[in-house]
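Q: Please read through the structure below; I'll follow up with questions.
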Amino acid sequence: MTIRTLLARTCITLATLAALLLSALFVNAAYAAETTASAATAAIDPVVESVLGAIGVVVGGYAVRLIHRGLRYLGLAEDARVRAYLEDATLAAVDYAMRRAGARAVAAGSELEQTLVSVAANYLERRVPDALSRFGLAGSDLADYVTARLPRNHDNG
């Protein structure tokens, strides 16, 4: 189970408990009012109690929704942070492979390109396996990801 899933389940549970507590608070307030109420207001108390209970459920629902939005925002922020980290690591891997091969730029489809992609992909698999698994980058997807970041020889002639 990922931390994100665990946080989502925890927040939903806490929001549900908060909704129940708010409902109990409103019902308790209605009962407290009933003990001090006169006979005329005693007839209205069941209606007030029902309305307060409904308000508690609605407020609890909005609390759940607000917590869910916050959690979704945190998940997106975490993805952006990991994506930036992975991009930096990929550029470092490409730089490492280029220096190791003594190359400055690569022609598309060349044997050198395949070697550089292989070296950079191995570097990434050793250094940032969690980031790769988070975005599902493995095998040919990882090779394509690295290939897109290689500096190219642009021969327009």
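If you're wondering about the labels, chains in the structure tokens are A, B, ... by order shown, residues count from 1 in each chain, ligands from 1 in order shown.
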Please identify all polymer residues within 9 Å of stretch 76-79 of chain A, counting only C-alpha atoms, omitting same-chain residues fewer than 5 positions from it, and present them as a ChimeraX atom specification.

A: /A:71,84,134-135

Q: Just how far from atom CA of A:Ala97 is atom CA of A:Val119, in Å to one decimal?

A: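 Those two atoms sit 5.8 Å apart.
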
Q: Which value, in Å to one decimal, gives the distance between atom CA of A:Leu150 and atom CA of A:Tyr96?

A: 11.4 Å

Q: Excluding stretch 87-89 of chain A and its own-chain neighbours fewer than 2 positions away, which residues fall within 10 Å of it when counting only C-alpha atoms? Please give them as a list in words.

A: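 Counting only C-alpha atoms, the residues come to Arg81, Val82, Arg83, Ala84, Tyr85, Leu91, Ala92, Ala93, Val94, Asp95, Ala120, Tyr123, Leu124, Arg127, Val128, Ala131, Tyr145, Val146 and Arg149 of chain A.
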
Q: List as an MDAnalysis selection string the protein and nucleic acid residues near A:Ala143, meaning an atom at most 9 Å away when only C-alpha atoms are counted, but skip any in the same chain fewer than 5 places from it.

A: chainID A and resid 114 117:118 120:121 137:138 148

Q: How would the residues just picked look written out with C-alpha atoms as a short mmCIF file (atom, residue, chain, number, x, y, z; two decimals), in the first residue's frame?

A:
```cif
data_model
loop_
_atom_site.label_atom_id
_atom_site.label_comp_id
_atom_site.auth_asym_id
_atom_site.auth_seq_id
_atom_site.Cartn_x
_atom_site.Cartn_y
_atom_site.Cartn_z
CA GLN A 114 21.63 2.60 -28.34
CA VAL A 117 20.44 4.87 -23.86
CA SER A 118 21.47 1.59 -22.30
CA ALA A 120 21.73 6.03 -19.00
CA ALA A 121 18.83 3.63 -18.36
CA LEU A 137 8.96 3.72 -16.67
CA ALA A 138 10.66 0.43 -17.51
CA ALA A 148 14.04 11.98 -25.99
#
```

Q: Hey, can you check how far atom CA of A:Thr115 sits from atom CA of A:Ser133?

A: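 That distance, rounded to one decimal, is 22.6 Å.
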
Q: Extract the full set of helix (DSSP H, G or I) residues from stretch 57-142 of chain A according to DSSP on the backbone, and format it as an MDAnalysis selection string.

A: chainID A and resid 57:101 111:127 129:134 140:142
